[in-house]
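One structure below.
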Amino acid sequence: MPPSISLPRLRSHIEALSAFGRNPDGQGITRSCWSPAHEEARAWLIARMKDASLTTWIDEAGNTFGRLGEGRPTVMTGSHIDTVPQGGPLDGALGVLAGLECLQTIHAAGVRTHRPLTLVAWSDEEGRYASLFGSKAFVGRVDPRQIPTLASADGERLVDAMARAGFDPLEAHGARCDPRTLFAYLELHIEQGPHLEAARIPIGVVEGIVGIRRNRVIFTGQPDHAGTTPMERRRDAFLGAAEYALKARDLVVTRGSGTSVTNVGRVDVAPGVANIVPARAQLLHEMRELDPKVLARLERGCAALARQVAKRRGLRVKIEPVSRSEPIRCAPRVMEAVEQAAAELRLTCRRMPSGAGHDAQMLAAVTDSGMLFIPSRGGRSHRPDEMSDWKAIERGGNVLLGALLRLAG
Ligand SMILES: [Zn+2]
């Protein structure tokens, strides 16, 4: 009989961690990285790692580790313990605590793996100061010159937040790992979307994490009196932006991969008063897609569309890149380990892209990286009622355990 995890123990850990940063009204959890609630949660986690007989340490970027076994290369699992403001109990926490549960189960069962296992909780995955900060530093992609410039949306500097939590921010790049010490990385996460629940599939095998293109699309027309200028003479920048937003949505749906998505998250209109025709309209437009060729095609298609719309309406248009990330593919070896572990438990699984960013996408730069998803109730996440069924959590934990044992040999 292969070992299996203890759901009561995992559940008690999930409930205990969810008390750190619990909002006073009892609704939701706010536990951003480096905050007092986060640092208390870290201390609690280290104590639980020690209970599980793991060797613990914290690196220069504030990533927390616990290790079972000696030698190298190691198989890593984990996620993050920071949350978004008013977040739920599972995003990140599940991957860390299910990983802890697996290592504790392996140790208690007296199973000796060929390779050591390492549990990790990455810093600031949610990006209050810088998205995926801990895993980025671990793979050597944090530029020390940039650290002093990083700040939260409300203006708090990363250097101050880290110093308050007892870290030296200018040393964070020292967290860079030696890739030869790593064998694979596998992260369990809630899906945060509706697909698995709707299809009644217990396990999602993540085949890759989407790339993101964010652009500022700026239409420029002419400010005119909104009462006296005939409709056919107006060069209304907002109407150009509105037409573009609707047509870009259609373009991404009809010419994408079927899982491509797009969003206009912000519109700014100037001069922004009722009695002047808008002279300028600026959209913040993003698109996400797993296949790099499709993503490039969608971006080119939307740029051509913006020019067409502008031309027909007598406007000018400018497209400024805001940020871009490339899609990553999960390692076949890691996906197969998850599929074999699920098959052994007679659980069906489905390969799917992740539309959200995760630390696993950083780890892909230095080792074979992968993820598995469990269904989210109602597809809800990043909100207080984020939840998954306990049965689904138990299944996910046992598939993680089976896959880690396969990878660790
Ligand atoms: Zn997460």
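Labels used: A, B, ... for chains in the order of the structure tokens, numbers from 1 for residues in each chain, and numbers from 1 for ligands as shown.
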
May I have the residues within 8 Å of ligand 1, computed using only C-alpha atoms and all ligand atoms, as a ChimeraX atom specification? /A:79-80,83,91-93,125-126,189-190,357-359

Compile the contact shell of Thr228 of chain A as a list in words: residues with an atom at most 12 Å away, counting only C-alpha atoms, same-chain residues fewer than 3 positions apart removed. Asp224, His225, Met231, Glu232, Arg233, Arg234, Asn275, Ile276 and Val277 of chain A

Got a sec: who's within 9 Å of Gln104 of chain A, counting only C-alpha atoms, leaving out chain neighbours fewer than 6 positions off, as a PyMOL selection string? chain A and resi 5+49+51-54+68

Writing out the chosen residues with C-alpha atoms as a short mmCIF file (atom, residue, chain, number, x, y, z; two decimals), in the first residue's frame:
data_model
loop_
_atom_site.label_atom_id
_atom_site.label_comp_id
_atom_site.auth_asym_id
_atom_site.auth_seq_id
_atom_site.Cartn_x
_atom_site.Cartn_y
_atom_site.Cartn_z
CA ILE A 5 -1.93 11.98 3.43
CA MET A 49 8.22 22.26 9.31
CA ASP A 51 7.44 19.32 13.79
CA ALA A 52 7.66 17.39 10.51
CA SER A 53 11.42 16.83 11.08
CA LEU A 54 12.45 19.10 8.17
CA LEU A 68 13.79 16.12 4.03
#

Return the single residue from A:Arg406, A:Arg67, A:Arg9, A:Arg329 that is closest to Glu207 of chain A, with distances computed using only C-alpha atoms. A:Arg329

All strand (DSSP E) residues (DSSP, backbone) inside segment 54-187 of chain A, as a PyMOL selection string: chain A and resi 55-58+64-68+74-80+117-122+182-187

Dump of C-alpha atoms for the selected residues, as a short mmCIF file (atom, residue, chain, number, x, y, z; two decimals), in the first residue's frame:
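Wrote it out as out-v9.cif, contents follow:
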data_model
loop_
_atom_site.label_atom_id
_atom_site.label_comp_id
_atom_site.auth_asym_id
_atom_site.auth_seq_id
_atom_site.Cartn_x
_atom_site.Cartn_y
_atom_site.Cartn_z
CA THR A 55 15.70 21.09 8.18
CA THR A 56 14.64 24.74 7.73
CA TRP A 57 16.23 27.93 6.43
CA ILE A 58 15.28 31.30 4.88
CA THR A 64 11.27 29.82 3.40
CA PHE A 65 12.55 26.26 2.90
CA GLY A 66 12.25 22.90 4.67
CA ARG A 67 14.16 19.86 3.57
CA LEU A 68 13.79 16.12 4.03
CA THR A 74 16.43 17.84 -4.89
CA VAL A 75 12.76 17.62 -5.86
CA MET A 76 10.98 20.82 -4.78
CA THR A 77 7.34 21.50 -4.01
CA GLY A 78 5.52 24.47 -2.53
CA SER A 79 3.79 27.75 -3.38
CA HIS A 80 3.33 30.97 -1.38
CA LEU A 117 12.61 16.64 -1.06
CA THR A 118 12.44 20.38 -0.38
CA LEU A 119 9.37 22.39 0.60
CA VAL A 120 9.31 26.11 -0.23
CA ALA A 121 7.10 29.15 0.40
CA TRP A 122 8.05 31.87 -2.12
CA LEU A 182 17.49 20.96 -8.55
CA PHE A 183 15.84 17.91 -10.12
CA ALA A 184 12.24 19.12 -10.56
CA TYR A 185 9.61 21.51 -9.15
CA LEU A 186 5.94 20.59 -8.74
CA GLU A 187 3.28 22.98 -7.34
#

Quick one: residues within 8 Å of Leu17 of chain A, only C-alpha atoms, excluding same-chain residues fewer than 5 positions away - as a ChimeraX atom specification? /A:41,44,89,93

Check the DSSP output for the backbone and give back, as a list in words, the residues of segment 98-150 of chain A in helix (DSSP H, G or I). Ala98, Gly99, Leu100, Glu101, Cys102, Leu103, Gln104, Thr105, Ile106, His107, Ala108, Phe133, Gly134, Ser135, Lys136, Ala137, Phe138, Ile147, Pro148 and Thr149 of chain A

Can those selected residues be exported to a file as a CSV table (one decimal), in the first residue's frame so that it contains C-alpha atoms?
chain,number,residue,atom,x,y,z
A,98,ALA,CA,-0.2,20.1,1.0
A,99,GLY,CA,3.6,19.9,0.3
A,100,LEU,CA,4.3,19.9,4.1
A,101,GLU,CA,1.7,17.2,4.5
A,102,CYS,CA,3.4,15.1,1.8
A,103,LEU,CA,6.8,15.4,3.3
A,104,GLN,CA,5.5,14.7,6.8
A,105,THR,CA,3.7,11.6,5.5
A,106,ILE,CA,6.8,10.3,3.7
A,107,HIS,CA,8.9,10.8,6.8
A,108,ALA,CA,6.4,9.2,9.1
A,133,PHE,CA,9.6,38.3,-6.3
A,134,GLY,CA,11.0,35.3,-4.3
A,135,SER,CA,11.0,32.8,-7.2
A,136,LYS,CA,12.4,35.5,-9.5
A,137,ALA,CA,15.3,36.1,-7.2
A,138,PHE,CA,15.8,32.3,-6.8
A,147,ILE,CA,15.2,46.9,-5.9
A,148,PRO,CA,15.3,50.5,-4.6
A,149,THR,CA,12.7,51.5,-7.2

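Nearest residue to Asn23 of chain A among A:Pro271, A:Pro384, A:Gly211, A:Pro278 is A:Pro384, counting only C-alpha atoms.
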
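With distances restricted to only C-alpha atoms, A:Phe219 is the closest residue to Val269 of chain A from A:Phe373, A:Phe219, A:Phe20, A:Tyr129.
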
Selection: 8 Å around Gly208 of chain A, only C-alpha atoms, excl. self and same-chain fewer than 4 positions, as a PyMOL selection string: chain A and resi 290+327-330+352-354+370

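The space between atom CA of Arg213 of chain A and atom CA of Cys349 of chain A spans 29.3 Å.
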
Best match for closeness to Val210 of chain A among A:Arg11, A:Lys293, A:His285, A:Arg22, counting only C-alpha atoms: A:Lys293

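Distances here use only C-alpha atoms; by that measure, the residue among A:Leu10, A:Arg112, A:Gly378, A:Ser18 closest to Arg200 of chain A is A:Gly378.
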
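Of the residues listed (A:Pro85, A:Gly301, A:Pro292, A:Gly221), A:Pro292 shows the shortest atom-to-atom separation from Arg324 of chain A; distances use only C-alpha atoms.
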
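Between atom CA of Ala337 of chain A and atom CA of Ala403 of chain A the separation is 4.9 Å.
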